[in-house]
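Text of run.tsv, listed as TSV, C-alpha atoms:
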```
chain	number	residue	atom	x	y	z
A	390	MET	CA	-22.08	11.80	1.07
A	391	SER	CA	-24.83	9.48	-0.06
A	392	GLY	CA	-23.20	6.54	1.74
A	393	ASP	CA	-23.89	8.23	5.09
A	394	ILE	CA	-27.60	8.52	4.45
A	395	PRO	CA	-29.50	5.56	5.88
A	396	SER	CA	-32.49	5.96	3.59
A	397	SER	CA	-34.05	8.61	1.43
A	398	LEU	CA	-37.11	8.71	3.72
A	399	ASP	CA	-34.95	9.23	6.80
A	400	PHE	CA	-33.02	11.92	4.99
A	401	ALA	CA	-36.23	13.63	3.86
A	402	ASN	CA	-37.55	13.69	7.43
A	403	ARG	CA	-34.34	15.06	8.87
A	404	TYR	CA	-34.09	17.64	6.10
A	405	GLU	CA	-37.69	18.77	6.53
A	406	ASP	CA	-37.16	19.18	10.27
A	407	ALA	CA	-33.96	21.18	9.86
A	408	ALA	CA	-35.42	23.34	7.08
A	409	ALA	CA	-38.53	24.07	9.15
A	410	ARG	CA	-36.33	25.23	12.04
A	411	LEU	CA	-34.27	27.49	9.80
A	412	LEU	CA	-37.31	28.97	8.05
A	413	ALA	CA	-39.07	29.65	11.37
A	414	LEU	CA	-35.97	31.43	12.57
A	415	LEU	CA	-35.67	33.56	9.45
A	416	GLU	CA	-39.34	34.48	9.41
A	417	ALA	CA	-39.27	35.41	13.09
A	418	ALA	CA	-36.20	37.59	12.50
A	419	CYS	CA	-37.78	39.35	9.52
A	420	ALA	CA	-40.97	39.93	11.52
A	421	THR	CA	-39.04	41.47	14.39
A	422	ARG	CA	-38.28	44.64	12.45
A	423	ARG	CA	-40.75	46.60	10.37
A	424	GLU	CA	-38.02	47.89	8.07
A	425	TRP	CA	-37.02	45.15	5.65
A	426	PRO	CA	-33.26	45.90	5.62
A	427	TYR	CA	-33.00	45.53	9.41
A	428	GLY	CA	-35.07	42.35	9.27
A	429	VAL	CA	-32.56	40.94	6.80
A	430	ARG	CA	-29.70	41.94	9.06
A	431	LEU	CA	-31.26	40.12	11.98
A	432	ALA	CA	-32.15	37.10	9.85
A	433	VAL	CA	-28.55	36.76	8.63
A	434	ARG	CA	-27.19	36.90	12.17
A	435	ALA	CA	-29.78	34.44	13.43
A	436	ALA	CA	-29.19	31.99	10.57
A	437	LEU	CA	-25.41	32.08	10.98
A	438	SER	CA	-25.67	31.53	14.73
A	439	PHE	CA	-27.99	28.60	14.13
A	440	LEU	CA	-25.72	27.01	11.50
A	441	ALA	CA	-22.65	27.55	13.69
A	442	SER	CA	-24.31	25.93	16.67
A	443	GLU	CA	-25.59	22.98	14.62
A	444	PRO	CA	-22.86	22.15	12.08
A	445	ALA	CA	-24.29	18.71	11.34
A	446	LEU	CA	-27.64	20.28	10.45
A	447	ALA	CA	-25.82	22.93	8.43
A	448	ARG	CA	-24.18	20.24	6.33
A	449	LEU	CA	-27.49	18.44	5.99
A	450	LEU	CA	-29.16	21.63	4.78
A	451	LEU	CA	-26.46	22.94	2.48
A	452	PHE	CA	-24.58	19.97	1.06
A	453	GLU	CA	-26.48	16.74	1.35
A	454	PRO	CA	-29.66	17.55	-0.63
A	455	TYR	CA	-27.59	17.42	-3.80
A	456	ASP	CA	-26.43	13.91	-2.98
A	457	ALA	CA	-29.70	12.51	-1.76
A	458	GLY	CA	-31.57	12.32	-5.04
A	459	PRO	CA	-34.09	14.35	-7.01
A	460	VAL	CA	-36.85	14.39	-4.37
A	461	SER	CA	-34.56	15.84	-1.72
A	462	ARG	CA	-33.22	18.30	-4.23
A	463	ARG	CA	-36.75	19.52	-4.95
A	464	HIS	CA	-37.41	19.95	-1.20
A	465	HIS	CA	-34.22	21.95	-0.97
A	466	GLU	CA	-35.20	24.13	-3.90
A	467	ALA	CA	-38.58	24.76	-2.28
A	468	THR	CA	-36.81	25.88	0.90
A	469	LEU	CA	-34.57	28.21	-1.09
A	470	ALA	CA	-37.60	29.60	-2.93
A	471	ARG	CA	-39.19	30.55	0.39
A	472	ILE	CA	-36.03	32.31	1.52
A	473	ALA	CA	-35.78	34.02	-1.87
A	474	GLY	CA	-39.33	35.29	-1.30
A	475	MET	CA	-38.20	37.00	1.90
A	476	LEU	CA	-35.36	38.68	0.01
A	477	ARG	CA	-37.62	39.68	-2.86
A	478	ARG	CA	-39.43	42.09	-0.54
A	479	GLY	CA	-36.32	44.23	-0.93
A	480	ARG	CA	-37.54	45.24	-4.39
A	481	GLU	CA	-40.09	47.47	-2.67
A	482	TRP	CA	-37.19	49.31	-1.02
A	483	ALA	CA	-35.21	49.73	-4.21
A	484	ASP	CA	-35.52	52.55	-6.69
A	485	GLY	CA	-36.75	50.81	-9.83
A	486	GLY	CA	-37.00	47.52	-7.95
A	487	ASP	CA	-39.25	46.05	-10.66
A	488	ALA	CA	-36.35	46.20	-13.09
A	489	ILE	CA	-34.03	44.07	-10.95
A	490	PRO	CA	-33.42	40.78	-12.82
A	491	ASP	CA	-35.62	37.89	-11.66
A	492	LEU	CA	-32.69	35.66	-10.82
A	493	VAL	CA	-30.96	38.05	-8.39
A	494	GLU	CA	-32.40	36.45	-5.24
A	495	GLU	CA	-31.49	32.98	-6.48
A	496	GLY	CA	-27.97	34.16	-7.28
A	497	LEU	CA	-27.54	35.88	-3.91
A	498	LEU	CA	-28.60	32.78	-2.00
A	499	GLY	CA	-26.32	30.58	-4.10
A	500	GLY	CA	-23.44	32.94	-3.38
A	501	LEU	CA	-24.10	32.94	0.34
A	502	ILE	CA	-24.29	29.16	0.45
A	503	PHE	CA	-20.96	29.05	-1.41
A	504	ILE	CA	-19.36	31.29	1.24
A	505	VAL	CA	-20.95	29.55	4.24
A	506	GLY	CA	-19.94	26.20	2.74
A	507	ARG	CA	-16.30	27.27	2.85
A	508	SER	CA	-16.36	27.50	6.65
A	509	LEU	CA	-18.19	24.20	6.96
A	510	ARG	CA	-15.77	22.43	4.63
A	511	ARG	CA	-12.83	23.82	6.58
A	512	GLY	CA	-14.39	22.52	9.77
A	513	THR	CA	-14.61	26.01	11.25
A	514	PRO	CA	-18.35	26.65	11.68
A	515	GLU	CA	-17.55	28.88	14.64
A	516	ASP	CA	-16.38	31.48	12.09
A	517	LEU	CA	-19.87	31.85	10.66
A	518	PRO	CA	-21.31	34.52	13.01
A	519	GLY	CA	-18.35	36.76	12.20
A	520	LEU	CA	-19.44	36.81	8.56
A	521	ALA	CA	-22.78	38.43	9.37
A	522	PRO	CA	-21.95	42.07	8.51
A	523	GLU	CA	-20.29	41.19	5.23
A	524	LEU	CA	-23.05	38.80	4.14
A	525	THR	CA	-25.65	41.39	5.07
A	526	VAL	CA	-23.93	43.92	2.82
A	527	LEU	CA	-23.84	41.41	-0.03
A	528	LEU	CA	-27.56	40.68	0.34
A	529	LEU	CA	-28.70	44.29	0.63
A	530	THR	CA	-26.49	45.85	-2.06
A	531	PRO	CA	-28.62	44.96	-5.11
A	532	TYR	CA	-31.61	46.69	-3.50
A	533	LEU	CA	-30.15	49.60	-1.52
A	534	GLY	CA	-26.83	50.24	-3.23
A	535	ARG	CA	-23.49	49.54	-1.64
A	536	GLU	CA	-23.23	52.55	0.67
A	537	GLU	CA	-26.67	52.21	2.20
A	538	ALA	CA	-26.20	48.45	2.56
A	539	GLU	CA	-22.93	49.06	4.37
A	540	ARG	CA	-24.56	51.59	6.68
A	541	VAL	CA	-27.39	49.23	7.64
A	542	ALA	CA	-25.04	46.28	8.16
A	543	ARG	CA	-22.59	48.16	10.38
A	544	GLU	CA	-24.95	50.56	12.14
A	545	ARG	CA	-25.04	50.36	15.89
A	546	GLY	CA	-28.37	49.80	17.62
A	547	GLY	CA	-30.98	47.21	16.87
A	548	SER	CA	-28.18	44.71	16.45
A	549	ALA	CA	-27.59	43.99	20.11
A	550	PRO	CA	-27.64	40.26	20.87
A	551	GLY	CA	-30.79	40.66	22.92
A	552	SER	CA	-32.74	41.70	19.88
A	553	LEU	CA	-32.16	38.37	18.14
A	554	PRO	CA	-35.07	35.93	18.22
A	555	PRO	CA	-34.28	32.78	20.21
A	556	LEU	CA	-32.90	29.75	18.38
A	557	PRO	CA	-35.60	27.19	17.58
A	558	HIS	CA	-35.44	23.78	19.27
B	632	MET	CA	-7.67	-11.64	-36.49
B	633	PHE	CA	-7.52	-8.95	-39.13
B	634	ILE	CA	-9.18	-6.57	-36.72
B	635	LEU	CA	-6.73	-7.35	-33.94
B	636	LEU	CA	-3.72	-6.77	-36.18
B	637	THR	CA	-5.08	-3.52	-37.57
B	638	VAL	CA	-6.29	-2.00	-34.35
B	639	GLY	CA	-3.27	-3.13	-32.41
B	640	ALA	CA	-2.96	-4.57	-28.93
B	641	ARG	CA	-4.69	-1.68	-27.19
B	642	GLY	CA	-7.96	-2.29	-29.03
B	643	ALA	CA	-7.82	-6.05	-28.89
B	644	ASP	CA	-10.10	-6.37	-25.89
B	645	GLU	CA	-12.57	-3.72	-27.05
B	646	PRO	CA	-16.21	-4.74	-27.30
B	647	PRO	CA	-17.18	-5.75	-30.86
B	648	SER	CA	-19.20	-2.55	-31.37
B	649	SER	CA	-16.08	-0.44	-30.82
B	650	ARG	CA	-13.65	-2.54	-32.84
B	651	LYS	CA	-15.30	-1.61	-36.12
B	652	ARG	CA	-14.98	2.08	-35.38
B	653	LEU	CA	-11.34	1.75	-34.35
B	654	ARG	CA	-10.34	-0.12	-37.52
B	655	GLY	CA	-7.40	1.53	-39.26
B	656	LEU	CA	-6.31	3.66	-36.30
B	657	SER	CA	-2.80	3.53	-34.86
B	658	PRO	CA	-2.38	2.24	-31.27
B	659	ALA	CA	-1.80	5.79	-30.07
B	660	GLU	CA	-4.99	6.97	-31.79
B	661	VAL	CA	-6.92	4.07	-30.31
B	662	ALA	CA	-5.64	4.90	-26.83
B	663	ALA	CA	-6.56	8.56	-27.26
B	664	ASP	CA	-10.04	7.60	-28.43
B	665	GLN	CA	-10.55	5.26	-25.47
B	666	ARG	CA	-9.35	7.88	-23.03
B	667	ARG	CA	-11.63	10.50	-24.57
B	668	ARG	CA	-14.65	8.17	-24.29
B	669	LEU	CA	-13.89	7.32	-20.68
B	670	LEU	CA	-13.50	10.95	-19.69
B	671	ALA	CA	-16.66	11.91	-21.53
B	672	ALA	CA	-18.67	9.19	-19.75
B	673	LEU	CA	-17.34	9.79	-16.26
B	674	PRO	CA	-19.26	12.94	-15.16
B	675	ALA	CA	-22.58	11.45	-16.26
B	676	ALA	CA	-21.87	8.18	-14.45
B	677	PHE	CA	-20.98	10.01	-11.23
B	678	ALA	CA	-23.93	12.37	-11.57
B	679	GLU	CA	-26.31	9.44	-11.87
B	680	HIS	CA	-24.85	7.13	-9.22
B	681	GLY	CA	-22.86	9.46	-6.94
B	682	TYR	CA	-19.11	9.61	-6.52
B	683	ASP	CA	-19.10	6.56	-4.29
B	684	GLY	CA	-21.52	4.75	-6.54
B	685	PRO	CA	-20.28	3.93	-10.00
B	686	ALA	CA	-17.97	0.98	-10.12
B	687	VAL	CA	-15.34	0.86	-12.81
B	688	GLU	CA	-17.65	-1.62	-14.57
B	689	GLU	CA	-20.27	1.10	-14.93
B	690	LEU	CA	-17.75	3.53	-16.38
B	691	VAL	CA	-16.42	1.05	-18.92
B	692	ARG	CA	-19.96	0.02	-19.90
B	693	ARG	CA	-20.91	3.63	-20.61
B	694	SER	CA	-17.76	4.40	-22.54
B	695	HIS	CA	-17.67	1.08	-24.45
B	696	VAL	CA	-14.14	0.19	-23.45
B	697	SER	CA	-12.95	-2.85	-21.56
B	698	ARG	CA	-12.03	-2.99	-17.89
B	699	ARG	CA	-8.46	-3.82	-18.88
B	700	THR	CA	-8.30	-0.73	-21.09
B	701	PHE	CA	-9.52	1.39	-18.20
B	702	TYR	CA	-6.70	0.18	-15.96
B	703	ASP	CA	-4.20	0.62	-18.79
B	704	LEU	CA	-5.12	4.30	-18.85
B	705	PHE	CA	-5.84	5.08	-15.19
B	706	GLU	CA	-4.90	3.68	-11.81
B	707	GLY	CA	-8.51	3.95	-10.68
B	708	LYS	CA	-11.62	6.08	-10.87
B	709	GLU	CA	-10.09	8.85	-8.75
B	710	GLU	CA	-7.26	9.35	-11.20
B	711	ALA	CA	-9.80	9.29	-14.03
B	712	LEU	CA	-11.82	11.96	-12.24
B	713	PHE	CA	-8.75	14.20	-11.86
B	714	ALA	CA	-7.92	13.75	-15.54
B	715	CYS	CA	-11.49	14.60	-16.45
B	716	HIS	CA	-11.42	17.70	-14.26
B	717	ARG	CA	-8.09	18.84	-15.74
B	718	GLU	CA	-9.46	18.53	-19.27
B	719	ALA	CA	-12.66	20.35	-18.35
B	720	LEU	CA	-10.67	23.16	-16.73
B	721	ALA	CA	-8.40	23.46	-19.77
B	722	ALA	CA	-11.40	23.75	-22.08
B	723	PHE	CA	-13.01	26.26	-19.73
B	724	ASP	CA	-9.80	28.33	-19.54
B	725	ALA	CA	-9.54	28.41	-23.32
B	726	THR	CA	-13.18	29.45	-23.67
B	727	VAL	CA	-12.90	32.26	-21.12
B	728	ARG	CA	-9.54	33.48	-22.48
B	729	GLU	CA	-10.88	33.65	-26.00
B	730	ALA	CA	-13.99	35.50	-24.84
B	731	CYS	CA	-12.13	38.05	-22.74
B	732	VAL	CA	-11.57	40.93	-25.14
B	733	GLY	CA	-12.35	44.62	-24.78
B	734	GLU	CA	-13.01	46.66	-21.67
B	735	TRP	CA	-13.60	44.90	-18.36
B	736	PRO	CA	-17.44	44.98	-18.40
B	737	GLN	CA	-17.42	43.67	-21.97
B	738	ARG	CA	-15.03	40.89	-20.94
B	739	VAL	CA	-17.31	39.81	-18.12
B	740	ARG	CA	-20.29	39.78	-20.45
B	741	SER	CA	-18.48	37.81	-23.18
B	742	ALA	CA	-17.07	35.31	-20.69
B	743	LEU	CA	-20.53	34.70	-19.26
B	744	VAL	CA	-22.04	34.28	-22.73
B	745	ALA	CA	-19.36	31.74	-23.64
B	746	THR	CA	-19.58	29.91	-20.31
B	747	LEU	CA	-23.36	29.59	-20.47
B	748	ALA	CA	-23.16	28.26	-24.01
B	749	MET	CA	-20.58	25.74	-22.87
B	750	ALA	CA	-22.75	24.65	-19.93
B	751	ALA	CA	-25.79	24.29	-22.17
B	752	ALA	CA	-23.83	22.13	-24.60
B	753	ASP	CA	-22.24	19.91	-21.92
B	754	PRO	CA	-24.19	20.07	-18.65
B	755	PHE	CA	-22.34	17.18	-17.02
B	756	ARG	CA	-19.00	18.87	-17.57
B	757	ALA	CA	-20.49	22.07	-16.12
B	758	ARG	CA	-21.55	20.16	-13.01
B	759	LEU	CA	-18.02	18.82	-12.64
B	760	LEU	CA	-16.52	22.31	-12.99
B	761	ALA	CA	-18.99	23.69	-10.46
B	762	ALA	CA	-17.71	21.01	-8.06
B	763	GLU	CA	-21.07	19.46	-7.40
B	764	PRO	CA	-20.53	17.07	-4.47
B	765	CYS	CA	-22.21	14.06	-6.08
B	766	ILE	CA	-19.70	14.24	-8.94
B	767	ALA	CA	-16.61	15.62	-7.22
B	768	GLY	CA	-17.03	13.59	-4.03
B	769	PRO	CA	-14.31	14.33	-1.46
B	770	HIS	CA	-12.57	16.60	-3.99
B	771	ALA	CA	-15.41	19.14	-4.13
B	772	ALA	CA	-13.50	21.68	-2.04
B	773	SER	CA	-10.36	21.55	-4.19
B	774	PHE	CA	-12.38	21.67	-7.44
B	775	ARG	CA	-14.28	24.67	-6.09
B	776	ALA	CA	-11.00	26.35	-5.17
B	777	ALA	CA	-9.74	25.74	-8.72
B	778	LEU	CA	-12.81	27.49	-10.13
B	779	LEU	CA	-12.31	30.45	-7.78
B	780	ARG	CA	-8.61	30.73	-8.63
B	781	ARG	CA	-9.48	31.05	-12.29
B	782	LEU	CA	-12.36	33.46	-12.09
B	783	ALA	CA	-11.95	35.59	-8.97
B	784	PRO	CA	-8.84	37.50	-10.16
B	785	ARG	CA	-10.56	38.34	-13.45
B	786	LEU	CA	-13.60	39.68	-11.60
B	787	ARG	CA	-11.50	41.48	-9.02
B	788	ARG	CA	-10.16	43.78	-11.74
B	789	GLY	CA	-13.59	45.38	-11.67
B	790	ARG	CA	-12.80	46.87	-8.27
B	791	ARG	CA	-10.89	49.58	-10.12
B	792	CYS	CA	-14.26	50.70	-11.51
B	793	ALA	CA	-15.92	50.84	-8.09
B	794	PRO	CA	-15.94	54.20	-6.31
B	795	ILE	CA	-16.01	52.55	-2.86
B	796	GLN	CA	-14.38	49.63	-1.13
B	797	LEU	CA	-16.15	46.33	-1.81
B	798	SER	CA	-16.67	43.24	0.38
B	799	PRO	CA	-13.68	40.89	0.46
B	800	SER	CA	-15.96	37.93	-0.35
B	801	LEU	CA	-17.76	39.66	-3.21
B	802	GLU	CA	-16.16	37.62	-6.00
B	803	GLU	CA	-16.78	34.36	-4.15
B	804	CYS	CA	-20.43	35.33	-3.72
B	805	LEU	CA	-20.85	36.22	-7.39
B	806	ILE	CA	-19.13	33.09	-8.69
B	807	GLY	CA	-21.11	30.90	-6.29
B	808	GLY	CA	-24.29	32.67	-7.29
B	809	VAL	CA	-23.77	32.15	-10.99
B	810	ALA	CA	-22.80	28.50	-10.42
B	811	SER	CA	-25.94	27.99	-8.37
B	812	VAL	CA	-28.21	29.49	-11.03
B	813	VAL	CA	-26.59	27.33	-13.69
B	814	LEU	CA	-26.85	24.13	-11.64
B	815	PHE	CA	-30.49	24.79	-10.79
B	816	ARG	CA	-31.37	25.04	-14.51
B	817	ILE	CA	-29.39	21.90	-15.31
B	818	HIS	CA	-31.10	19.89	-12.56
B	819	ALA	CA	-34.48	21.07	-13.77
B	820	GLY	CA	-33.67	19.79	-17.28
B	821	ARG	CA	-33.52	23.38	-18.53
B	822	ALA	CA	-29.87	23.56	-19.64
B	823	PRO	CA	-30.86	24.77	-23.14
B	824	GLU	CA	-32.25	27.94	-21.50
B	825	LEU	CA	-28.87	28.92	-20.04
B	826	PRO	CA	-27.60	31.13	-22.89
B	827	ALA	CA	-30.72	33.30	-22.57
B	828	LEU	CA	-29.75	34.13	-18.97
B	829	ALA	CA	-26.58	35.94	-20.05
B	830	PRO	CA	-27.94	39.52	-19.83
B	831	ASP	CA	-29.49	39.03	-16.36
B	832	LEU	CA	-26.46	37.21	-14.97
B	833	THR	CA	-24.15	39.86	-16.41
B	834	GLU	CA	-26.17	42.56	-14.65
B	835	PHE	CA	-26.09	40.53	-11.43
B	836	VAL	CA	-22.29	40.27	-11.60
B	837	LEU	CA	-21.54	43.84	-12.70
B	838	THR	CA	-23.94	45.69	-10.38
B	839	PRO	CA	-21.74	45.68	-7.24
B	840	TYR	CA	-18.86	47.21	-9.23
B	841	LEU	CA	-20.65	49.61	-11.56
B	842	GLY	CA	-23.99	50.32	-9.93
B	843	ARG	CA	-27.30	49.17	-11.41
B	844	ASP	CA	-27.66	51.62	-14.28
B	845	LEU	CA	-24.21	51.12	-15.78
B	846	ALA	CA	-24.39	47.37	-15.14
B	847	ARG	CA	-27.70	47.13	-17.02
B	848	GLU	CA	-26.29	49.13	-19.89
B	849	ALA	CA	-23.19	46.93	-20.13
B	850	ALA	CA	-25.27	43.76	-19.83
B	851	ALA	CA	-27.42	44.81	-22.77
B	852	GLY	CA	-24.26	45.08	-24.87
```
Structure rendered as structure tokens:
Amino acid sequence: MSGDIPSSLDFANRYEDAAARLLALLEAACATRREWPYGVRLAVRAALSFLASEPALARLLLFEPYDAGPVSRRHHEATLARIAGMLRRGREWADGGDAIPDLVEEGLLGGLIFIVGRSLRRGTPEDLPGLAPELTVLLLTPYLGREEAERVARERGGSAPGSLPPLPH
Amino acid sequence: MFILLTVGARGADEPPSSRKRLRGLSPAEVAADQRRRLLAALPAAFAEHGYDGPAVEELVRRSHVSRRTFYDLFEGKEEALFACHREALAAFDATVREACVGEWPQRVRSALVATLAMAAADPFRARLLAAEPCIAGPHAASFRAALLRRLAPRLRRGRRCAPIQLSPSLEECLIGGVASVVLFRIHAGRAPELPALAPDLTEFVLTPYLGRDLAREAAAG
């Protein structure tokens, strides 16, 4: 809550640092695989592992921007816009991808934050990595259709832990 | 003196600007009016100052009632927040229930149209219903659960239309996604644009159940 935030400048610095770490992780994961759907799968797993291992940063990234004033909220929205851009590449993989409504990426990210927030609010961030297959399906479905999304999310191979990019420090 | 006798004891400590308006009302009507003003002012006060921020003084200033009146009606700001949330949920329930007619895809579309119109008309109430932390404070999780309890079962009926098994968290994802899109527009000062998003948001919600082509068709009405 806003009472825990020493100053808006301090919050902005901490937020920027955490967001940069998350974005670097996501971009590295997406770059690891040439095929966009598998990049998304890796990025989801990497992001959930990161948020589970750093619950304080997860709360900072997902909850606190809305309490910390309009400037922080704009930073947060800029971060989400960059992540939405990574998802938007999925339109190239979709039949008729140009016709997918503009707000789909924004809605998907909002939905994922809603679900991830549940584990954080319950105080069970360790549950987050277990959500990876289901969240991957949710993200890929608008582009690939449900069955193909399910196949990519559950497929063996390429999802071994060793193929994940290292967590940023 | 005339004013005090007419308005009754409840309005006696009202600011002068309110006394004129309350003239001729019964004590029960005065109390209802005061309560309505307090509940209307509360989401905006919390949105501006944060849940921990607005003192009771700020709430009474915004709603033009006295501090004594506030404590006649509520034990404190937390009770006022719960009352405000209950009223917002009741209005939301009535709106969705009225909109939900016809086949399931049509119901989803009509409910979204009505909800977006409601959010455009009263963005602060929409932020309260969406359980925004700065308004809901420590009650964000329970307010969010209340929203899910109302909407998820209605959406889940769409699983009968889906040829394959869907993710257990699908409804949570869709409700969170719609809430996020709505809140983003409100924060950007673009609440009046919300009703125009109905077709795209309907397609977003229906696609996992119906597939893209049928969802687009249903969204277009």
Could you tell me which of B:Ala678, B:Leu669, B:Leu743, B:Leu825 comes closest to Gly707 in chain B if we count all atoms listed in the file?
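Comparing B:Ala678, B:Leu669, B:Leu743, B:Leu825 against Gly707 in chain B, the winner is B:Leu669.
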For CA of Glu494 in chain A and CA of Ser811 in chain B, determine how far apart the two atoms are, in Å to one decimal place.
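These atoms are spaced 11.1 Å apart.
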Computed interatomic separation between CA of Glu515 in chain A and CA of Leu797 in chain B (Å)
24.0 Å
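Closest approach to Leu759 in chain B from the set B:Phe723, B:Trp735, B:Phe705, B:Tyr840 is made by B:Phe723, with distances taken over all atoms listed in the file.
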For the interface of chain B with chain A (cut-off 7 Å, counting only C-alpha atoms), please tabulate each contacting residue of chain B alongside its nearest pair of atoms and their separation in Å to one decimal, rows sorted by chain and increasing number, as CSV.
```
residue,atom,partner,partner_atom,distance
B:Gly681,CA,A:Asp456,CA,6.9
B:Pro764,CA,A:Asp456,CA,6.9
B:Cys765,CA,A:Asp456,CA,5.2
B:Ser798,CA,A:Glu523,CA,6.4
B:Glu803,CA,A:Ile504,CA,6.7
B:Cys804,CA,A:Gly500,CA,3.9
B:Leu805,CA,A:Gly500,CA,5.8
B:Ile806,CA,A:Gly500,CA,6.8
B:Gly807,CA,A:Gly500,CA,4.2
B:Gly808,CA,A:Gly496,CA,4.0
B:Val809,CA,A:Gly496,CA,6.0
B:Ser811,CA,A:Gly499,CA,5.0
B:Val812,CA,A:Gly496,CA,6.0
B:Asp831,CA,A:Pro490,CA,5.6
B:Phe835,CA,A:Val493,CA,6.3
```
